[in-house]
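Peer 1: The file below is final.cif, mmCIF, C-alpha atoms and all ligand atoms:
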```
data_data
loop_
_atom_site.group_PDB
_atom_site.id
_atom_site.type_symbol
_atom_site.label_atom_id
_atom_site.label_comp_id
_atom_site.auth_asym_id
_atom_site.auth_seq_id
_atom_site.Cartn_x
_atom_site.Cartn_y
_atom_site.Cartn_z
ATOM 1 C CA MET E 20 -183.879 -133.449 -322.741
ATOM 2 C CA SER E 21 -185.346 -130.680 -324.855
ATOM 3 C CA ASP E 22 -182.299 -130.139 -327.040
ATOM 4 C CA GLN E 23 -182.523 -131.707 -330.451
ATOM 5 C CA ARG E 24 -179.389 -133.549 -331.376
ATOM 6 C CA ARG E 25 -177.960 -133.592 -334.831
ATOM 7 C CA ASN E 26 -176.295 -136.802 -335.921
ATOM 8 C CA SER E 27 -173.285 -136.307 -338.136
ATOM 9 C CA GLU E 28 -173.112 -139.642 -339.909
ATOM 10 C CA ILE E 29 -175.935 -142.135 -340.087
ATOM 11 C CA THR E 30 -175.046 -145.550 -341.462
ATOM 12 C CA VAL E 31 -176.811 -148.897 -341.700
ATOM 13 C CA LYS E 32 -175.791 -152.485 -341.258
ATOM 14 C CA PRO E 33 -178.250 -154.980 -342.778
ATOM 15 C CA LEU E 34 -179.454 -157.539 -340.244
ATOM 16 C CA GLY E 35 -181.455 -159.805 -342.543
ATOM 17 C CA TYR E 36 -181.813 -160.654 -346.218
ATOM 18 C CA ALA E 37 -185.497 -159.794 -346.645
ATOM 19 C CA LEU E 38 -185.719 -157.024 -344.049
ATOM 20 C CA GLY E 39 -184.087 -155.515 -341.003
ATOM 21 C CA ALA E 40 -181.154 -153.156 -340.545
ATOM 22 C CA GLU E 41 -179.254 -151.704 -337.642
ATOM 23 C CA VAL E 42 -179.026 -147.917 -337.760
ATOM 24 C CA LEU E 43 -175.781 -146.473 -336.427
ATOM 25 C CA GLY E 44 -174.948 -142.901 -335.569
ATOM 26 C CA VAL E 45 -178.274 -141.843 -334.055
ATOM 27 C CA ASP E 46 -178.558 -140.813 -330.423
ATOM 28 C CA THR E 47 -181.844 -142.287 -329.176
ATOM 29 C CA SER E 48 -181.583 -140.641 -325.755
ATOM 30 C CA ALA E 49 -182.631 -137.242 -327.115
ATOM 31 C CA PRO E 50 -185.348 -136.106 -329.532
ATOM 32 C CA PRO E 51 -183.854 -136.256 -333.039
ATOM 33 C CA ALA E 52 -183.610 -133.185 -335.260
ATOM 34 C CA PRO E 53 -185.978 -133.078 -338.269
ATOM 35 C CA ASP E 54 -183.225 -133.973 -340.753
ATOM 36 C CA THR E 55 -182.357 -137.033 -338.654
ATOM 37 C CA VAL E 56 -186.026 -138.045 -338.633
ATOM 38 C CA SER E 57 -186.119 -137.765 -342.452
ATOM 39 C CA ALA E 58 -182.923 -139.781 -342.841
ATOM 40 C CA VAL E 59 -184.167 -142.480 -340.448
ATOM 41 C CA ASN E 60 -187.578 -142.612 -342.146
ATOM 42 C CA ALA E 61 -185.928 -143.206 -345.529
ATOM 43 C CA LEU E 62 -183.936 -146.121 -344.084
ATOM 44 C CA TRP E 63 -187.026 -147.411 -342.288
ATOM 45 C CA HIS E 64 -189.048 -147.449 -345.531
ATOM 46 C CA GLU E 65 -186.250 -149.322 -347.246
ATOM 47 C CA HIS E 66 -185.609 -151.943 -344.543
ATOM 48 C CA HIS E 67 -189.072 -152.082 -342.831
ATOM 49 C CA VAL E 68 -187.515 -153.001 -339.465
ATOM 50 C CA ILE E 69 -184.722 -150.907 -337.994
ATOM 51 C CA ALA E 70 -182.820 -151.366 -334.768
ATOM 52 C CA PHE E 71 -180.960 -148.897 -332.588
ATOM 53 C CA ARG E 72 -178.762 -150.775 -330.196
ATOM 54 C CA GLY E 73 -177.011 -150.436 -326.905
ATOM 55 C CA GLU E 74 -178.376 -147.239 -325.390
ATOM 56 C CA ARG E 75 -180.081 -147.445 -321.979
ATOM 57 C CA LEU E 76 -183.284 -145.441 -322.132
ATOM 58 C CA GLU E 77 -185.771 -144.219 -319.543
ATOM 59 C CA PRO E 78 -189.518 -144.228 -320.319
ATOM 60 C CA GLN E 79 -189.475 -140.498 -321.067
ATOM 61 C CA ASP E 80 -186.528 -140.948 -323.483
ATOM 62 C CA ILE E 81 -188.489 -143.541 -325.452
ATOM 63 C CA THR E 82 -191.608 -141.390 -325.726
ATOM 64 C CA ALA E 83 -189.530 -138.321 -326.658
ATOM 65 C CA PHE E 84 -187.612 -140.182 -329.362
ATOM 66 C CA ALA E 85 -190.630 -142.036 -330.757
ATOM 67 C CA GLY E 86 -192.796 -138.909 -330.622
ATOM 68 C CA ALA E 87 -190.481 -137.189 -333.113
ATOM 69 C CA PHE E 88 -191.692 -139.657 -335.761
ATOM 70 C CA GLY E 89 -195.383 -138.871 -335.327
ATOM 71 C CA PRO E 90 -198.211 -138.785 -332.789
ATOM 72 C CA LEU E 91 -198.189 -141.635 -330.281
ATOM 73 C CA ASP E 92 -201.131 -143.843 -329.389
ATOM 74 C CA ASP E 93 -202.216 -143.601 -325.743
ATOM 75 C CA HIS E 94 -203.194 -147.295 -325.875
ATOM 76 C CA ALA E 95 -206.798 -146.627 -324.861
ATOM 77 C CA SER E 96 -207.770 -149.705 -326.929
ATOM 78 C CA THR E 97 -205.921 -151.909 -324.432
ATOM 79 C CA PRO E 98 -205.989 -149.721 -321.298
ATOM 80 C CA PHE E 99 -204.944 -152.436 -318.838
ATOM 81 C CA TYR E 100 -201.594 -152.981 -320.478
ATOM 82 C CA ARG E 101 -200.202 -149.470 -320.482
ATOM 83 C CA HIS E 102 -197.505 -148.056 -318.247
ATOM 84 C CA GLN E 103 -199.030 -146.467 -315.154
ATOM 85 C CA ASP E 104 -197.223 -143.156 -315.568
ATOM 86 C CA PHE E 105 -196.719 -143.157 -319.343
ATOM 87 C CA PRO E 106 -199.891 -144.102 -321.263
ATOM 88 C CA GLU E 107 -197.867 -143.785 -324.488
ATOM 89 C CA LEU E 108 -195.942 -146.869 -323.392
ATOM 90 C CA LEU E 109 -197.432 -150.336 -323.481
ATOM 91 C CA GLN E 110 -195.741 -152.807 -321.155
ATOM 92 C CA VAL E 111 -194.945 -156.157 -322.698
ATOM 93 C CA THR E 112 -193.729 -157.900 -319.611
ATOM 94 C CA ASN E 113 -193.859 -160.979 -317.452
ATOM 95 C CA ARG E 114 -193.291 -158.881 -314.336
ATOM 96 C CA GLU E 115 -196.036 -158.865 -311.786
ATOM 97 C CA ILE E 116 -198.373 -155.912 -311.941
ATOM 98 C CA GLY E 117 -200.603 -155.337 -308.914
ATOM 99 C CA GLY E 118 -199.481 -158.637 -307.385
ATOM 100 C CA LYS E 119 -200.466 -160.693 -310.470
ATOM 101 C CA PRO E 120 -198.405 -161.805 -313.456
ATOM 102 C CA SER E 121 -198.972 -159.281 -316.229
ATOM 103 C CA GLU E 122 -201.598 -160.130 -318.812
ATOM 104 C CA THR E 123 -199.118 -159.015 -321.474
ATOM 105 C CA ARG E 124 -196.655 -161.803 -320.752
ATOM 106 C CA ASN E 125 -198.085 -163.629 -323.792
ATOM 107 C CA THR E 126 -198.382 -160.641 -326.104
ATOM 108 C CA GLY E 127 -197.754 -161.316 -329.767
ATOM 109 C CA ARG E 128 -197.769 -165.103 -329.745
ATOM 110 C CA ASN E 129 -199.120 -165.344 -333.287
ATOM 111 C CA TRP E 130 -198.145 -163.507 -336.474
ATOM 112 C CA HIS E 131 -199.769 -160.085 -336.429
ATOM 113 C CA SER E 132 -199.579 -156.408 -337.186
ATOM 114 C CA ASP E 133 -200.145 -154.175 -334.144
ATOM 115 C CA TYR E 134 -203.674 -152.958 -333.472
ATOM 116 C CA ALA E 135 -205.002 -154.445 -336.735
ATOM 117 C CA TYR E 136 -208.059 -155.449 -334.682
ATOM 118 C CA THR E 137 -208.830 -151.786 -333.897
ATOM 119 C CA SER E 138 -210.323 -148.962 -335.953
ATOM 120 C CA HIS E 139 -206.887 -147.275 -335.985
ATOM 121 C CA PRO E 140 -204.222 -149.863 -336.816
ATOM 122 C CA ALA E 141 -200.782 -148.796 -335.669
ATOM 123 C CA ALA E 142 -198.595 -147.177 -338.302
ATOM 124 C CA ALA E 143 -195.424 -148.327 -336.582
ATOM 125 C CA SER E 144 -194.134 -149.587 -333.251
ATOM 126 C CA MET E 145 -190.915 -149.036 -331.344
ATOM 127 C CA LEU E 146 -190.128 -151.722 -328.780
ATOM 128 C CA TYR E 147 -187.451 -151.177 -326.164
ATOM 129 C CA CYS E 148 -185.785 -154.077 -324.392
ATOM 130 C CA ASP E 149 -185.305 -153.232 -320.723
ATOM 131 C CA THR E 150 -184.682 -156.750 -319.402
ATOM 132 C CA ARG E 151 -184.208 -159.968 -321.333
ATOM 133 C CA PRO E 152 -183.931 -163.581 -320.286
ATOM 134 C CA PRO E 153 -180.462 -165.209 -320.454
ATOM 135 C CA VAL E 154 -181.337 -166.941 -323.726
ATOM 136 C CA GLY E 155 -184.153 -166.481 -326.242
ATOM 137 C CA GLY E 156 -187.245 -164.321 -326.070
ATOM 138 C CA ASP E 157 -186.615 -163.497 -329.737
ATOM 139 C CA THR E 158 -189.032 -161.702 -332.062
ATOM 140 C CA MET E 159 -189.554 -162.560 -335.736
ATOM 141 C CA PHE E 160 -190.544 -160.194 -338.526
ATOM 142 C CA ALA E 161 -191.871 -160.869 -342.043
ATOM 143 C CA ASN E 162 -191.654 -158.574 -345.062
ATOM 144 C CA MET E 163 -195.223 -158.131 -346.335
ATOM 145 C CA VAL E 164 -194.223 -156.076 -349.391
ATOM 146 C CA ARG E 165 -192.077 -158.941 -350.587
ATOM 147 C CA ALA E 166 -194.826 -161.403 -349.623
ATOM 148 C CA TYR E 167 -197.263 -159.514 -351.859
ATOM 149 C CA ASP E 168 -194.766 -159.088 -354.718
ATOM 150 C CA THR E 169 -193.981 -162.792 -354.831
ATOM 151 C CA LEU E 170 -197.615 -163.857 -355.304
ATOM 152 C CA SER E 171 -198.953 -164.584 -358.777
ATOM 153 C CA PRO E 172 -200.640 -161.679 -360.604
ATOM 154 C CA LYS E 173 -204.002 -163.463 -360.354
ATOM 155 C CA MET E 174 -203.701 -164.015 -356.593
ATOM 156 C CA ARG E 175 -202.752 -160.356 -356.142
ATOM 157 C CA GLU E 176 -205.825 -159.358 -358.131
ATOM 158 C CA ILE E 177 -208.082 -161.521 -355.939
ATOM 159 C CA LEU E 178 -206.573 -160.114 -352.741
ATOM 160 C CA ASP E 179 -206.850 -156.535 -354.000
ATOM 161 C CA GLY E 180 -210.631 -156.984 -353.831
ATOM 162 C CA LEU E 181 -210.815 -158.513 -350.338
ATOM 163 C CA ASP E 182 -211.284 -157.126 -346.839
ATOM 164 C CA ALA E 183 -209.949 -159.118 -343.894
ATOM 165 C CA VAL E 184 -211.985 -159.368 -340.678
ATOM 166 C CA TYR E 185 -210.354 -159.251 -337.226
ATOM 167 C CA ASP E 186 -212.037 -160.551 -334.121
ATOM 168 C CA ILE E 187 -209.861 -160.001 -331.061
ATOM 169 C CA SER E 188 -211.630 -162.718 -329.087
ATOM 170 C CA LEU E 189 -210.228 -165.284 -331.530
ATOM 171 C CA THR E 190 -206.643 -164.156 -330.927
ATOM 172 C CA ALA E 191 -204.406 -166.928 -329.597
ATOM 173 C CA GLY E 192 -204.172 -166.837 -325.830
ATOM 174 C CA PHE E 193 -206.868 -164.176 -325.490
ATOM 175 C CA GLY E 194 -209.273 -166.638 -323.837
ATOM 176 C CA GLN E 195 -206.724 -167.395 -321.133
ATOM 177 C CA ARG E 196 -206.484 -163.810 -319.995
ATOM 178 C CA ASP E 197 -208.423 -162.150 -317.195
ATOM 179 C CA PRO E 198 -212.129 -162.488 -318.203
ATOM 180 C CA GLN E 199 -213.117 -158.993 -317.058
ATOM 181 C CA GLN E 200 -210.255 -157.359 -318.918
ATOM 182 C CA THR E 201 -210.851 -159.349 -322.087
ATOM 183 C CA ALA E 202 -214.593 -158.553 -322.046
ATOM 184 C CA GLU E 203 -213.780 -154.854 -321.809
ATOM 185 C CA THR E 204 -211.078 -155.070 -324.491
ATOM 186 C CA ARG E 205 -213.582 -156.865 -326.748
ATOM 187 C CA ARG E 206 -216.191 -154.173 -326.071
ATOM 188 C CA LEU E 207 -213.686 -151.482 -327.009
ATOM 189 C CA ASN E 208 -212.752 -153.360 -330.190
ATOM 190 C CA PRO E 209 -215.689 -154.903 -332.065
ATOM 191 C CA SER E 210 -214.948 -157.041 -335.140
ATOM 192 C CA ILE E 211 -213.496 -154.887 -337.877
ATOM 193 C CA ALA E 212 -212.550 -155.336 -341.533
ATOM 194 C CA HIS E 213 -209.498 -153.817 -343.211
ATOM 195 C CA PRO E 214 -208.299 -154.135 -346.818
ATOM 196 C CA ALA E 215 -206.252 -157.322 -347.373
ATOM 197 C CA VAL E 216 -203.692 -155.241 -349.269
ATOM 198 C CA ARG E 217 -202.578 -151.782 -348.226
ATOM 199 C CA THR E 218 -200.612 -149.069 -349.952
ATOM 200 C CA HIS E 219 -198.017 -147.466 -347.721
ATOM 201 C CA PRO E 220 -198.870 -143.752 -347.540
ATOM 202 C CA ASP E 221 -195.245 -142.586 -347.652
ATOM 203 C CA SER E 222 -193.409 -145.125 -349.785
ATOM 204 C CA GLY E 223 -196.333 -146.060 -352.089
ATOM 205 C CA LYS E 224 -195.407 -149.744 -351.668
ATOM 206 C CA ARG E 225 -198.235 -152.300 -351.754
ATOM 207 C CA ALA E 226 -198.178 -154.804 -348.918
ATOM 208 C CA LEU E 227 -200.174 -157.844 -347.916
ATOM 209 C CA TYR E 228 -202.202 -157.064 -344.788
ATOM 210 C CA VAL E 229 -203.307 -160.519 -343.691
ATOM 211 C CA SER E 230 -202.072 -162.275 -340.554
ATOM 212 C CA GLU E 231 -202.907 -165.118 -338.196
ATOM 213 C CA ARG E 232 -205.346 -162.768 -336.452
ATOM 214 C CA VAL E 233 -207.642 -162.600 -339.491
ATOM 215 C CA SER E 234 -210.712 -164.725 -338.816
ATOM 216 C CA HIS E 235 -212.126 -164.618 -342.377
ATOM 217 C CA PHE E 236 -212.544 -162.457 -345.452
ATOM 218 C CA HIS E 237 -215.597 -160.227 -345.480
ATOM 219 C CA GLY E 238 -218.430 -161.875 -347.416
ATOM 220 C CA MET E 239 -216.788 -165.310 -347.233
ATOM 221 C CA THR E 240 -217.245 -168.043 -344.643
ATOM 222 C CA ILE E 241 -214.558 -169.018 -342.135
ATOM 223 C CA ALA E 242 -214.260 -172.412 -343.871
ATOM 224 C CA GLU E 243 -213.731 -170.741 -347.252
ATOM 225 C CA SER E 244 -211.284 -168.197 -345.877
ATOM 226 C CA LYS E 245 -209.097 -170.394 -343.689
ATOM 227 C CA PRO E 246 -207.148 -172.205 -346.428
ATOM 228 C CA LEU E 247 -206.337 -168.881 -348.065
ATOM 229 C CA ILE E 248 -205.311 -167.240 -344.747
ATOM 230 C CA ASP E 249 -203.170 -170.286 -343.917
ATOM 231 C CA PHE E 250 -201.537 -170.198 -347.340
ATOM 232 C CA LEU E 251 -200.809 -166.456 -347.148
ATOM 233 C CA CYS E 252 -199.323 -166.702 -343.647
ATOM 234 C CA ALA E 253 -197.148 -169.667 -344.665
ATOM 235 C CA HIS E 254 -196.084 -167.822 -347.813
ATOM 236 C CA ALA E 255 -195.243 -164.626 -345.920
ATOM 237 C CA THR E 256 -193.277 -166.373 -343.157
ATOM 238 C CA ARG E 257 -191.059 -168.596 -345.303
ATOM 239 C CA PRO E 258 -187.501 -168.574 -343.958
ATOM 240 C CA ASP E 259 -186.243 -166.370 -346.800
ATOM 241 C CA ASN E 260 -188.829 -163.689 -346.002
ATOM 242 C CA VAL E 261 -188.200 -163.253 -342.273
ATOM 243 C CA TYR E 262 -185.749 -161.711 -339.857
ATOM 244 C CA ARG E 263 -185.320 -163.014 -336.326
ATOM 245 C CA HIS E 264 -184.193 -160.481 -333.771
ATOM 246 C CA GLN E 265 -182.146 -161.647 -330.810
ATOM 247 C CA TRP E 266 -182.585 -158.931 -328.242
ATOM 248 C CA ALA E 267 -179.902 -157.257 -326.204
ATOM 249 C CA GLU E 268 -180.854 -154.988 -323.335
ATOM 250 C CA GLY E 269 -180.919 -151.445 -324.641
ATOM 251 C CA ASP E 270 -182.209 -152.386 -328.109
ATOM 252 C CA LEU E 271 -184.917 -150.211 -329.596
ATOM 253 C CA VAL E 272 -186.415 -152.130 -332.504
ATOM 254 C CA CYS E 273 -188.820 -150.254 -334.755
ATOM 255 C CA TRP E 274 -191.144 -151.894 -337.241
ATOM 256 C CA ASP E 275 -193.545 -150.583 -339.810
ATOM 257 C CA ASN E 276 -196.882 -152.277 -339.170
ATOM 258 C CA ARG E 277 -198.045 -151.437 -342.699
ATOM 259 C CA THR E 278 -195.299 -153.450 -344.382
ATOM 260 C CA THR E 279 -194.419 -156.153 -341.829
ATOM 261 C CA MET E 280 -195.945 -158.570 -339.366
ATOM 262 C CA HIS E 281 -194.240 -160.030 -336.314
ATOM 263 C CA LEU E 282 -194.284 -162.855 -333.812
ATOM 264 C CA ALA E 283 -193.109 -163.086 -330.188
ATOM 265 C CA LEU E 284 -191.436 -166.469 -329.672
ATOM 266 C CA THR E 285 -191.723 -168.628 -326.575
ATOM 267 C CA ASP E 286 -188.116 -169.767 -326.866
ATOM 268 C CA PHE E 287 -187.177 -168.854 -323.311
ATOM 269 C CA ASP E 288 -187.520 -169.835 -319.689
ATOM 270 C CA GLN E 289 -190.645 -167.965 -318.705
ATOM 271 C CA THR E 290 -189.677 -167.888 -315.040
ATOM 272 C CA GLN E 291 -186.903 -165.479 -316.124
ATOM 273 C CA PRO E 292 -187.789 -161.785 -316.447
ATOM 274 C CA ARG E 293 -188.508 -160.245 -319.846
ATOM 275 C CA HIS E 294 -189.531 -156.600 -319.734
ATOM 276 C CA MET E 295 -190.211 -154.519 -322.845
ATOM 277 C CA LEU E 296 -191.794 -151.114 -323.422
ATOM 278 C CA ARG E 297 -193.589 -150.234 -326.644
ATOM 279 C CA ALA E 298 -194.347 -146.830 -328.125
ATOM 280 C CA THR E 299 -196.940 -147.039 -330.879
ATOM 281 C CA LEU E 300 -197.155 -144.549 -333.735
ATOM 282 C CA LEU E 301 -200.741 -143.733 -334.609
ATOM 283 C CA GLY E 302 -202.119 -144.754 -337.974
ATOM 284 C CA GLY E 303 -205.250 -143.172 -339.359
ATOM 285 C CA GLN E 304 -208.814 -144.371 -338.840
ATOM 286 C CA SER E 305 -209.520 -147.267 -341.152
ATOM 287 C CA GLY E 306 -211.846 -150.183 -341.769
ATOM 288 C CA PHE E 307 -215.504 -150.871 -341.096
ATOM 289 C CA ILE E 308 -217.221 -152.556 -338.153
ATOM 290 C CA VAL E 309 -218.568 -155.951 -339.131
ATOM 291 C CA GLU E 310 -221.030 -156.734 -336.351
HETATM 292 C C1 LIG E 401 -195.537 -156.030 -329.470
HETATM 293 C C2 LIG E 401 -195.163 -157.438 -329.683
HETATM 294 C C3 LIG E 401 -193.280 -158.873 -329.463
HETATM 295 C C4 LIG E 401 -192.309 -159.311 -328.431
HETATM 296 O O1 LIG E 401 -194.978 -155.411 -328.562
HETATM 297 O O2 LIG E 401 -196.355 -155.523 -330.249
HETATM 298 O O3 LIG E 401 -195.797 -158.113 -330.440
HETATM 299 O O4 LIG E 401 -191.436 -160.114 -328.779
HETATM 300 N N1 LIG E 401 -194.084 -157.831 -329.010
HETATM 301 O O5 LIG E 401 -192.406 -158.857 -327.283
HETATM 302 MN MN MN E 402 -197.164 -156.829 -331.616
#
```
Could I get this file's structure written as structure tokens?
Ligand code: OGA
Ligand code: MN
Peer 2:
Amino acid sequence: MSDQRRNSEITVKPLGYALGAEVLGVDTSAPPAPDTVSAVNALWHEHHVIAFRGERLEPQDITAFAGAFGPLDDHASTPFYRHQDFPELLQVTNREIGGKPSETRNTGRNWHSDYAYTSHPAAASMLYCDTRPPVGGDTMFANMVRAYDTLSPKMREILDGLDAVYDISLTAGFGQRDPQQTAETRRLNPSIAHPAVRTHPDSGKRALYVSERVSHFHGMTIAESKPLIDFLCAHATRPDNVYRHQWAEGDLVCWDNRTTMHLALTDFDQTQPRHMLRATLLGGQSGFIVE
């Protein structure tokens, strides 16, 4: 697995109008050569969500491929949800773990950007579909650069001056999880504020960084903030600004958490297995603790 493979011709097939493209001609089962990484990064910055399809991967293949794009998070912020043998892989699964249904079976049930509630929001995520239910289990993505660009100049100016506060305990479904695990996850991740608009470090694009996991804007009350958060989420997730991915086993879907948000749908029979593995590319330290 140590050989770096060169890919002769890399092409893309757009998957959605606002974002999303399938990348063809890249072998995901081996670490990509640096020129492949550069070519893929350019496409990724352009399309925000990219998909590699149809290659069966083992956990070590995913970490080797993803690791070529930057350092991987070891998921210490959510230690209960990581793969036993590969801490660089988070399991998003409804399989039983230790004789109990996994706490991650309801991961991502509201619009969010990964690890926004931590002091090191994820730069990007790569999610591999190992097992999917017969129908559904789709994931939706929204283009937050386009969401920002389509706001009025005055609204952009207001948002440029705001910080958004994240409180993991307010996340949908969090209260229904194992109380001991959630208490520890909360302890590891106190409330934190991040800028409501971020500039992508590589592409220079400005993107809205507000999701359904924002509890309020720093210095404003929850009552004052909620209508604005609701408006921004509705604006960002309008049908013309989203892409809905229908998974096939063997898909590796990669999203930029700095320019998109996403949502895991419940459009499937939850007695059927759905097993996904996520590698998370580290972003830098950011934000300030609010408590
Ligand atoms: C994630 C996530 C969505 C899904 O892995 O970060 O939100 O559809 N998953 O599993
Ligand atoms: Mn997620």
Peer 1: Could you tell me which of E:Ile29, E:Leu170, E:Leu189, E:Val68 comes closest to Asp54 in chain E if we count all atoms listed in the file?
Peer 2: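 Smallest distance to Asp54 in chain E is found for E:Ile29.
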Peer 1: Name the residues captured by the PyMOL selection byres (((not hetatm)) within 7 of (chain E and resi 402)) when it is applied to the shown file; answer as a PDB file with C-alpha atoms, in the coordinates of the input.
Peer 2:
```pdb
ATOM      1  CA  THR E 126    -198.382-160.641-326.104  1.00  0.00           C
ATOM      2  CA  GLY E 127    -197.754-161.316-329.767  1.00  0.00           C
ATOM      3  CA  HIS E 131    -199.769-160.085-336.429  1.00  0.00           C
ATOM      4  CA  SER E 132    -199.579-156.408-337.186  1.00  0.00           C
ATOM      5  CA  ASP E 133    -200.145-154.175-334.144  1.00  0.00           C
ATOM      6  CA  HIS E 281    -194.240-160.030-336.314  1.00  0.00           C
TER       7      HIS E 281
END
```
Peer 1: Can you pull out the residues contacting Gly238 in chain E? Cut-off 10 Å, using all atoms listed in the file, and skip same-chain residues under 5 positions away; I want them as a list in words.
Peer 2: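 What passes the distance filter is Leu181, Asp182, Ala183, Val184 and Ser244 of chain E.
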Peer 1: Please write out, as JSON, where the centre of an axis-aligned box around all listed atoms of ligand LIG 401 (chain E) lies and how long its edges are, in Å to one decimal, after adding 3 Å on each side.
Peer 2:
```
{"center_x": -193.9, "center_y": -157.8, "center_z": -328.9, "size_x": 10.9, "size_y": 10.7, "size_z": 9.2}
```
Peer 1: Suppose a student applies the PyMOL selection byres (((chain E and resi 248) around 10) and not hetatm) to this structure; what residues should they get, written as a VMD selection string?
Peer 2: chain E and resid 183 229 to 236 241 243 to 247 249 to 254
Peer 1: Hey, which residues come within 9 Å of ligand LIG 401 (chain E) if we count only C-alpha atoms and all ligand atoms? Could you give them as a PyMOL selection string?
Peer 2: chain E and resi 109-112+123-134+144-148+156-159+264+266+280-285+293-299
Peer 1: How would you write, as a list of chain:residue names, the residues chosen by the PyMOL selection byres (((chain E and resi 270) around 7) and not hetatm) on this structure?
Peer 2: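 Residues picked by the PyMOL selection byres (((chain E and resi 270) around 7) and not hetatm): E:Ala70, E:Phe71, E:Arg72, E:Gly73, E:Glu74, E:Tyr147, E:Cys148, E:Trp266, E:Ala267, E:Glu268, E:Gly269, E:Leu271, E:Val272.
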Peer 1: What gap, in Å, lies between CA of Phe287 in chain E and CA of His102 in chain E?
Peer 2: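 So the two atoms, CA of Phe287 in chain E and CA of His102 in chain E, lie 23.8 Å apart.
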Peer 1: If you measure from CA of Glu203 in chain E to CA of Arg101 in chain E, what distance in Å do you get, rounded to one decimal?
Peer 2: 14.7 Å
Peer 1: Using all atoms listed in the file, pick whichever of E:Pro152, E:Pro198, E:Gly223, E:Pro51 has the shortest atom-to-atom distance to Ala85 in chain E.
Peer 2: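 The answer is E:Pro51, which sits nearest to Ala85 in chain E.
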Peer 1: Taking 3 positions as the minimum chain separation for residues in the same chain, which residues sit within 10 Å of Arg277 in chain E when counting only C-alpha atoms? Answer as a list in words.
Peer 2: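 These residues fall inside the cut-off: His67, Ser132, Asp133, Ala135, Pro140, Ala141, Ala142, Ala143, Asn162, Met163, Val164, Val216, Arg217, Thr218, His219, Pro220, Lys224, Arg225, Ala226, Leu227, Tyr228, Trp274, Met280 and Gly302 of chain E.
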Peer 1: Please measure the separation of CA of Ser48 in chain E and CA of Ser121 in chain E, giving the value in Å to one decimal.
Peer 2: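 CA of Ser121 in chain E lies 27.2 Å from CA of Ser48 in chain E.
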Peer 1: With only C-alpha atoms as the atoms that count, which of E:Leu38, E:Asn208, E:Ala87, E:Thr201 lies nearest to Glu122 in chain E?
Peer 2: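 The shortest atom-to-atom distance to Glu122 in chain E comes from E:Thr201.
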